[in-house]
$ cat upload22.txt   # compact mmCIF, C-alpha atoms
# COMPACT_ATOMS: atom_id res chain seq x y z
CA MET A 1 -11.07 92.99 177.49
CA LYS A 2 -10.47 89.85 175.49
CA TYR A 3 -10.24 89.43 171.75
CA ARG A 4 -9.92 86.30 169.65
CA LEU A 5 -9.13 85.68 166.01
CA ASP A 6 -8.65 82.53 163.99
CA ILE A 7 -6.10 83.07 161.25
CA SER A 8 -6.01 80.86 158.17
CA CYS A 9 -2.43 79.90 157.27
CA GLN A 10 -2.03 81.96 154.10
CA THR A 11 -0.15 85.21 153.72
CA SER A 12 -3.26 86.93 152.36
CA ALA A 13 -4.70 86.63 155.90
CA LEU A 14 -2.08 89.07 157.25
CA SER A 15 -3.97 92.20 156.22
CA GLU A 16 -7.07 90.89 158.01
CA LEU A 17 -4.88 90.28 161.07
CA ARG A 18 -3.67 93.90 160.98
CA ALA A 19 -7.23 95.23 160.70
CA PHE A 20 -8.23 93.08 163.67
CA LEU A 21 -5.28 94.28 165.75
CA GLN A 22 -5.98 97.91 164.89
CA GLN A 23 -9.51 97.50 166.22
CA ALA A 24 -8.47 95.49 169.28
CA LEU A 25 -5.76 98.00 170.20
CA GLY A 26 -8.09 100.95 169.75
CA GLY A 27 -8.57 101.62 173.45
CA ALA A 28 -5.18 100.41 174.68
CA THR A 29 -2.88 102.73 176.59
CA LEU A 30 -0.26 102.79 173.86
CA ASP A 31 0.64 105.64 171.54
CA GLU A 32 0.23 105.34 167.78
CA ILE A 33 3.85 104.36 167.20
CA GLU A 34 3.65 101.64 169.88
CA LYS A 35 0.39 100.28 168.44
CA HIS A 36 2.03 100.13 165.03
CA GLN A 37 5.03 98.27 166.43
CA VAL A 38 2.99 95.81 168.47
CA THR A 39 0.91 95.07 165.35
CA LEU A 40 4.12 94.45 163.44
CA ALA A 41 5.54 92.11 166.09
CA VAL A 42 2.37 90.00 166.24
CA GLU A 43 2.27 89.85 162.44
CA GLU A 44 5.92 88.78 162.29
CA VAL A 45 5.29 85.81 164.59
CA CYS A 46 2.14 84.80 162.67
CA ALA A 47 3.87 85.20 159.29
CA ASN A 48 6.71 82.98 160.49
CA LEU A 49 4.25 80.28 161.56
CA ILE A 50 2.20 80.56 158.35
CA ILE A 51 5.24 80.30 156.08
CA HIS A 52 7.62 78.03 157.96
CA SER A 53 5.54 75.85 160.30
CA HIS A 54 2.43 75.50 158.12
CA ARG A 55 3.90 75.98 154.61
CA CYS A 56 0.98 78.30 153.72
CA ASN A 57 -1.65 75.58 154.08
CA PRO A 58 -4.93 77.53 154.31
CA GLN A 59 -6.64 74.58 156.05
CA ASP A 60 -4.40 75.14 159.08
CA ILE A 61 -5.44 77.67 161.69
CA ILE A 62 -3.49 79.87 164.08
CA GLN A 63 -5.35 81.25 167.08
CA LEU A 64 -4.67 84.68 168.44
CA GLU A 65 -6.00 85.81 171.79
CA ILE A 66 -5.40 89.25 173.24
CA LYS A 67 -5.73 89.77 176.96
CA ASP A 68 -5.63 93.09 178.71
CA ALA A 69 -4.08 92.64 182.14
CA ASP A 70 -3.47 95.45 184.64
CA GLU A 71 -0.41 97.03 183.17
CA LYS A 72 0.25 94.93 180.16
CA LEU A 73 -1.17 93.47 176.99
CA ILE A 74 -0.72 89.76 176.35
CA PHE A 75 -0.87 88.35 172.83
CA GLU A 76 -1.23 84.60 172.89
CA ILE A 77 -0.55 82.90 169.58
CA SER A 78 -1.34 79.17 169.44
CA ASP A 79 -0.93 76.62 166.69
CA GLN A 80 -0.58 72.90 166.15
CA GLY A 81 2.30 72.97 163.69
CA GLU A 82 5.99 72.34 163.94
CA ALA A 83 7.17 74.11 167.09
CA PHE A 84 9.00 77.36 166.44
CA ASN A 85 10.47 78.71 169.65
CA LEU A 86 11.56 82.30 169.14
CA LEU A 87 13.58 82.11 172.33
CA ASP A 88 15.87 79.50 170.77
CA TYR A 89 16.95 81.99 168.14
CA GLU A 90 19.77 84.36 168.88
CA VAL A 91 19.11 87.87 167.62
CA PRO A 92 21.23 87.86 164.47
CA ASP A 93 23.58 90.71 163.75
CA LEU A 94 22.13 92.99 161.06
CA LYS A 95 25.33 93.03 159.03
CA LYS A 96 25.33 89.24 159.05
CA VAL A 97 21.74 89.21 157.80
CA MET A 98 22.81 91.56 155.02
CA VAL A 99 25.80 89.54 153.89
CA GLU A 100 23.98 86.23 154.07
CA LYS A 101 20.87 87.74 152.47
CA ARG A 102 18.95 85.91 155.15
CA LYS A 103 15.62 87.69 154.96
CA GLY A 104 14.09 85.58 157.73
CA GLY A 105 16.18 86.91 160.59
CA LEU A 106 14.78 90.42 160.46
CA GLY A 107 11.35 89.52 161.84
CA ILE A 108 12.90 87.91 164.89
CA ILE A 109 14.99 91.02 165.59
CA LEU A 110 11.85 93.17 165.39
CA VAL A 111 9.79 90.97 167.72
CA LYS A 112 12.56 90.83 170.32
CA LYS A 113 13.15 94.57 170.21
CA ILE A 114 9.48 95.55 170.28
CA MET A 115 8.07 93.20 172.92
CA ASP A 116 8.98 93.39 176.62
CA GLU A 117 8.60 89.68 177.32
CA ILE A 118 8.35 86.57 175.18
CA GLU A 119 7.22 83.18 176.49
CA PHE A 120 6.91 79.90 174.66
CA GLU A 121 5.48 76.54 175.59
CA SER A 122 4.69 73.37 173.70
CA LYS A 123 2.19 71.02 175.32
CA ASN A 124 0.09 68.14 173.95
CA GLY A 125 0.78 69.15 170.37
CA THR A 126 -0.14 72.80 170.86
CA ASN A 127 2.51 75.50 170.73
CA THR A 128 1.81 78.77 172.47
CA CYS A 129 3.87 81.90 172.00
CA ARG A 130 3.06 84.71 174.40
CA LEU A 131 4.14 88.24 173.51
CA ILE A 132 3.85 90.74 176.32
CA LYS A 133 3.90 94.52 176.07
CA TRP A 134 4.00 96.65 179.21
CA PHE A 135 2.20 99.97 179.33
CA ARG A 136 4.57 102.81 180.04
CA SER A 137 3.05 105.26 182.49
CA MET B 138 -2.70 96.14 149.34
CA LEU B 139 0.42 97.45 147.68
CA SER B 140 0.73 99.40 144.48
CA LEU B 141 3.81 100.87 142.90
CA GLU B 142 4.51 103.72 140.56
CA LYS B 143 7.71 104.35 138.65
CA SER B 144 8.85 107.79 137.53
CA LYS B 145 12.00 109.73 136.83
CA GLU B 146 13.25 112.93 138.40
CA ASN B 147 16.70 114.44 138.13
CA GLU B 148 18.96 111.45 137.52
CA PHE B 149 16.89 109.23 139.83
CA GLU B 150 14.56 106.39 139.01
CA ILE B 151 11.81 106.85 141.55
CA LEU B 152 9.77 103.99 142.94
CA SER B 153 6.75 105.26 144.88
CA LEU B 154 5.09 102.82 147.26
CA TYR B 155 1.37 103.01 148.04
CA GLY B 156 -0.20 100.96 150.84
CA GLU B 157 1.24 98.08 152.82
CA VAL B 158 4.16 95.72 152.20
CA ASP B 159 3.97 92.32 153.90
CA ALA B 160 4.86 88.69 153.22
CA SER B 161 1.97 88.37 150.73
CA ASN B 162 3.24 91.03 148.34
CA SER B 163 6.93 91.79 149.03
CA VAL B 164 7.79 89.91 145.82
CA ILE B 165 6.16 92.76 143.86
CA LEU B 166 8.55 95.23 145.47
CA ASP B 167 11.48 92.91 144.75
CA GLU B 168 10.54 92.58 141.07
CA ALA B 169 10.11 96.33 140.65
CA ILE B 170 13.60 97.01 142.04
CA GLN B 171 15.06 94.29 139.81
CA GLU B 172 13.42 95.84 136.74
CA ILE B 173 14.77 99.28 137.55
CA ILE B 174 18.29 97.95 138.01
CA ALA B 175 18.05 95.81 134.87
CA SER B 176 17.28 98.98 132.91
CA GLY B 177 20.77 100.20 133.84
CA SER B 178 19.83 102.84 136.37
CA LYS B 179 22.48 103.66 138.99
CA SER B 180 20.34 105.89 141.21
CA LEU B 181 17.18 104.65 142.87
CA LEU B 182 14.94 106.65 145.16
CA ILE B 183 12.20 104.86 147.09
CA ASP B 184 9.42 107.36 147.83
CA GLY B 185 7.62 106.21 150.99
CA LYS B 186 5.19 109.12 151.27
CA ASN B 187 2.18 106.81 150.85
CA LEU B 188 3.69 103.74 152.50
CA GLU B 189 1.47 102.91 155.45
CA TYR B 190 3.12 99.74 156.69
CA ILE B 191 6.13 97.55 156.00
CA SER B 192 6.99 94.25 157.67
CA SER B 193 10.29 92.39 157.72
CA ALA B 194 9.38 90.80 154.36
CA GLY B 195 9.62 94.22 152.71
CA LEU B 196 12.60 95.41 154.75
CA GLY B 197 14.36 92.18 153.78
CA VAL B 198 13.96 93.10 150.11
CA PHE B 199 15.92 96.33 150.66
CA MET B 200 18.50 94.50 152.77
CA SER B 201 19.06 91.85 150.13
CA TYR B 202 20.27 94.46 147.62
CA LEU B 203 22.59 96.47 149.84
CA GLU B 204 25.75 94.50 149.23
CA ASP B 205 25.25 94.10 145.49
CA PHE B 206 24.43 97.78 145.12
CA GLN B 207 27.60 98.69 146.98
CA ASP B 208 29.65 96.46 144.64
CA GLN B 209 27.96 97.80 141.52
CA GLY B 210 28.06 101.47 142.52
CA ILE B 211 24.28 101.77 142.63
CA ARG B 212 22.83 104.36 144.99
CA MET B 213 19.60 103.59 146.81
CA LYS B 214 17.93 106.26 148.92
CA ILE B 215 14.60 106.37 150.72
CA CYS B 216 12.52 109.48 151.40
CA ASP B 217 9.36 110.74 153.03
CA LEU B 218 8.63 107.92 155.47
CA ALA B 219 5.82 108.45 157.98
CA PRO B 220 7.23 108.62 161.53
CA ARG B 221 5.75 105.24 162.51
CA VAL B 222 7.27 103.60 159.42
CA PHE B 223 10.64 105.31 159.91
CA GLU B 224 10.63 104.03 163.49
CA VAL B 225 10.61 100.43 162.18
CA PHE B 226 13.70 101.13 160.05
CA ARG B 227 15.30 102.70 163.10
CA ILE B 228 14.55 99.79 165.46
CA LEU B 229 16.34 97.47 163.05
CA GLY B 230 19.22 99.88 162.48
CA LEU B 231 18.40 100.01 158.76
CA ASP B 232 18.59 103.82 158.91
CA GLN B 233 22.33 103.32 159.41
CA LEU B 234 22.64 101.23 156.25
CA ILE B 235 20.30 103.05 153.85
CA PRO B 236 20.27 106.87 153.62
CA ILE B 237 16.79 108.11 154.56
CA TYR B 238 15.68 111.70 153.85
CA PRO B 239 12.67 113.73 154.94
CA ASP B 240 11.63 114.50 151.35
CA ARG B 241 12.65 114.20 147.70
CA ALA B 242 14.43 117.55 147.62
CA ALA B 243 16.72 116.51 150.48
CA ALA B 244 17.43 113.17 148.78
CA PHE B 245 18.36 114.90 145.49
CA ALA B 246 20.51 117.51 147.22
CA ASP B 247 22.74 115.05 149.09

$ encode --input "upload22.txt" --output "structure tokens"
Amino acid sequence: MKYRLDISCQTSALSELRAFLQQALGGATLDEIEKHQVTLAVEEVCANLIIHSHRCNPQDIIQLEIKDADEKLIFEISDQGEAFNLLDYEVPDLKKVMVEKRKGGLGIILVKKIMDEIEFESKNGTNTCRLIKWFRS
Amino acid sequence: MLSLEKSKENEFEILSLYGEVDASNSVILDEAIQEIIASGSKSLLIDGKNLEYISSAGLGVFMSYLEDFQDQGIRMKICDLAPRVFEVFRILGLDQLIPIYPDRAAAFAD
């Protein structure tokens, strides 16, 4: 199984992304709550890129590819914007986010808590963020 | 798509959420809460019965008010979240910061 979607860098594209993920995850060995969470994590990464790396420029495109390996799902998110390496960001403390009213930190907490593995690479101007979710048997 | 409905029950201003909250529309949620507070209300209940999805953009709106509400003696409660939506609040630990109830009656009673 392999799915691909090109996402235009505008926040209005996020609902289309969710619809795509819902369809792509239809047959995956995840329960409804896990599918919901995985959808959220992928959206959080894409929303971050759309807003921060691409400043909501609808001409810019993010590519999402979903690969179904033996016991895991791999979501590969590629773009040519300013590199945003999730792994460089410490998971902020929730109380700190509250006091500083730093709305941005919440998405990173969610992605790190939901996904089992996160990989990032930047090569020849293309950034690739790989989110990996293991199937629980 | 997100739509909102305001109503009043007991001493609570109720904000019912319909649909999905994400980065494209969280500002609508923010404005609605601001309006309710500007009207002088001290008790706000967010009814999530028809909330299908909320991303960090929406959760951040709730978070951004917590400290001010505490200082101003404003109560904010949430009720009737679908299990998958509640789970997102729980992952973040937001269920420890905002009281969440199974339904309106439980929210009024506490």

$ axis_aligned_box --input "upload22.txt" --around "segment 160-165 of chain B" --padding-each-side "8 Å" --output "lines of an AutoDock Vina configuration file"
center_x = 4.9
center_y = 90.6
center_z = 148.5
size_x = 21.8
size_y = 20.4
size_z = 25.4

$ interface_residues --input "upload22.txt" --of "chain B" --to "chain A" --cutoff "8 Å" --atoms "all atoms listed in the file" --output "PDB file with C-alpha atoms, keeping the file's coordinate frame"
ATOM      1  CA  ASP B 159       3.970  92.320 153.900  1.00  0.00           C
ATOM      2  CA  ALA B 160       4.860  88.690 153.220  1.00  0.00           C
ATOM      3  CA  SER B 161       1.970  88.370 150.730  1.00  0.00           C
ATOM      4  CA  SER B 192       6.990  94.250 157.670  1.00  0.00           C
ATOM      5  CA  SER B 193      10.290  92.390 157.720  1.00  0.00           C
ATOM      6  CA  ALA B 194       9.380  90.800 154.360  1.00  0.00           C
ATOM      7  CA  LEU B 196      12.600  95.410 154.750  1.00  0.00           C
ATOM      8  CA  GLY B 197      14.360  92.180 153.780  1.00  0.00           C
ATOM      9  CA  VAL B 198      13.960  93.100 150.110  1.00  0.00           C
ATOM     10  CA  MET B 200      18.500  94.500 152.770  1.00  0.00           C
ATOM     11  CA  SER B 201      19.060  91.850 150.130  1.00  0.00           C
ATOM     12  CA  LEU B 203      22.590  96.470 149.840  1.00  0.00           C
ATOM     13  CA  GLU B 204      25.750  94.500 149.230  1.00  0.00           C
ATOM     14  CA  PRO B 220       7.230 108.620 161.530  1.00  0.00           C
ATOM     15  CA  ARG B 221       5.750 105.240 162.510  1.00  0.00           C
ATOM     16  CA  GLU B 224      10.630 104.030 163.490  1.00  0.00           C
ATOM     17  CA  VAL B 225      10.610 100.430 162.180  1.00  0.00           C
ATOM     18  CA  ILE B 228      14.550  99.790 165.460  1.00  0.00           C
ATOM     19  CA  LEU B 229      16.340  97.470 163.050  1.00  0.00           C
ATOM     20  CA  GLY B 230      19.220  99.880 162.480  1.00  0.00           C
TER      21      GLY B 230
END

$ closest_residue --input "upload22.txt" --among "A:Cys56, A:Ile118, A:Leu5, A:Cys46" --to "Phe20 of chain A" --atoms "all atoms listed in the file"
A:Leu5

$ residues_around --input "upload22.txt" --residues "segment 60-76 of chain A" --least-positions-apart "3" --cutoff "7 Å" --atoms "only C-alpha atoms" --output "VMD selection string"
chain A and resid 1 to 9 54 57 79 128 to 135

$ closest_residue --input "upload22.txt" --among "B:Gln171, B:Asn187, B:Gln209, B:Ser176" --to "Met138 of chain B" --atoms "all atoms listed in the file"
B:Asn187

$ atom_distance --input "upload22.txt" --atom1 "atom CA of Arg227 of chain B" --atom2 "atom CA of Gly195 of chain B"
14.6 Å

$ closest_residue --input "upload22.txt" --among "B:Glu148, B:Asp240, B:Glu168, B:Glu142" --to "Arg212 of chain B" --atoms "all atoms listed in the file"
B:Glu148

$ atom_distance --input "upload22.txt" --atom1 "atom CA of Glu16 of chain A" --atom2 "atom CA of Asn124 of chain A"
28.7 Å

$ atom_distance --input "upload22.txt" --atom1 "atom CA of Ala175 of chain B" --atom2 "atom CA of Phe223 of chain B"
27.8 Å

$ closest_residue --input "upload22.txt" --among "A:Leu30, A:Val91, A:Gln80, A:Val111" --to "Val42 of chain A" --atoms "only C-alpha atoms"
A:Val111

$ residues_around --input "upload22.txt" --residues "Leu181 of chain B" --least-positions-apart "6" --cutoff "9 Å" --atoms "only C-alpha atoms" --output "PyMOL selection string"
chain B and resi 148-152+170+173-174+211-215

$ build_atoms --input "upload22.txt" --residues "segment 108-137 of chain A" --atoms "N, CA and C atoms" --output "CSV table (one decimal), in the frame of the given file"
chain,number,residue,atom,x,y,z
A,108,ILE,N,12.6,88.3,163.5
A,108,ILE,CA,12.9,87.9,164.9
A,108,ILE,C,13.5,89.1,165.6
A,109,ILE,N,14.4,89.8,165.0
A,109,ILE,CA,15.0,91.0,165.6
A,109,ILE,C,13.9,92.0,166.0
A,110,LEU,N,12.9,92.2,165.1
A,110,LEU,CA,11.8,93.2,165.4
A,110,LEU,C,11.0,92.7,166.6
A,111,VAL,N,10.6,91.5,166.6
A,111,VAL,CA,9.8,91.0,167.7
A,111,VAL,C,10.5,91.1,169.0
A,112,LYS,N,11.8,90.8,169.1
A,112,LYS,CA,12.6,90.8,170.3
A,112,LYS,C,12.8,92.3,170.8
A,113,LYS,N,12.9,93.2,169.8
A,113,LYS,CA,13.2,94.6,170.2
A,113,LYS,C,11.9,95.3,170.6
A,114,ILE,N,10.7,94.9,170.0
A,114,ILE,CA,9.5,95.6,170.3
A,114,ILE,C,8.8,95.1,171.6
A,115,MET,N,8.8,93.8,171.8
A,115,MET,CA,8.1,93.2,172.9
A,115,MET,C,8.9,93.2,174.2
A,116,ASP,N,8.3,93.3,175.3
A,116,ASP,CA,9.0,93.4,176.6
A,116,ASP,C,9.3,92.0,177.1
A,117,GLU,N,8.4,91.1,176.9
A,117,GLU,CA,8.6,89.7,177.3
A,117,GLU,C,8.1,88.7,176.3
A,118,ILE,N,8.8,87.6,176.1
A,118,ILE,CA,8.4,86.6,175.2
A,118,ILE,C,8.4,85.2,175.9
A,119,GLU,N,7.3,84.5,175.9
A,119,GLU,CA,7.2,83.2,176.5
A,119,GLU,C,6.8,82.2,175.4
A,120,PHE,N,7.3,81.0,175.6
A,120,PHE,CA,6.9,79.9,174.7
A,120,PHE,C,6.7,78.6,175.4
A,121,GLU,N,5.6,77.9,175.0
A,121,GLU,CA,5.5,76.5,175.6
A,121,GLU,C,4.9,75.6,174.5
A,122,SER,N,5.2,74.4,174.6
A,122,SER,CA,4.7,73.4,173.7
A,122,SER,C,4.1,72.2,174.5
A,123,LYS,N,2.8,72.0,174.5
A,123,LYS,CA,2.2,71.0,175.3
A,123,LYS,C,1.1,70.3,174.6
A,124,ASN,N,1.1,69.0,174.6
A,124,ASN,CA,0.1,68.1,174.0
A,124,ASN,C,-0.2,68.5,172.5
A,125,GLY,N,0.9,68.8,171.8
A,125,GLY,CA,0.8,69.2,170.4
A,125,GLY,C,0.4,70.6,170.1
A,126,THR,N,0.2,71.4,171.1
A,126,THR,CA,-0.1,72.8,170.9
A,126,THR,C,1.0,73.7,171.3
A,127,ASN,N,1.4,74.6,170.4
A,127,ASN,CA,2.5,75.5,170.7
A,127,ASN,C,1.9,76.8,171.1
A,128,THR,N,2.3,77.5,172.1
A,128,THR,CA,1.8,78.8,172.5
A,128,THR,C,3.0,79.8,172.6
A,129,CYS,N,2.9,80.8,171.9
A,129,CYS,CA,3.9,81.9,172.0
A,129,CYS,C,3.2,83.1,172.6
A,130,ARG,N,3.7,83.6,173.7
A,130,ARG,CA,3.1,84.7,174.4
A,130,ARG,C,3.9,85.9,174.3
A,131,LEU,N,3.4,87.0,173.7
A,131,LEU,CA,4.1,88.2,173.5
A,131,LEU,C,3.5,89.2,174.5
A,132,ILE,N,4.4,89.8,175.3
A,132,ILE,CA,3.8,90.7,176.3
A,132,ILE,C,4.4,92.1,176.2
A,133,LYS,N,3.5,93.1,176.2
A,133,LYS,CA,3.9,94.5,176.1
A,133,LYS,C,3.4,95.3,177.3
A,134,TRP,N,4.3,95.9,178.0
A,134,TRP,CA,4.0,96.6,179.2
A,134,TRP,C,3.6,98.0,178.8
A,135,PHE,N,2.6,98.6,179.5
A,135,PHE,CA,2.2,100.0,179.3
A,135,PHE,C,3.2,100.8,180.1
A,136,ARG,N,3.7,101.9,179.4
A,136,ARG,CA,4.6,102.8,180.0
A,136,ARG,C,3.7,103.9,180.6
A,137,SER,N,3.9,104.2,181.9
A,137,SER,CA,3.0,105.3,182.5
A,137,SER,C,3.8,106.6,182.4
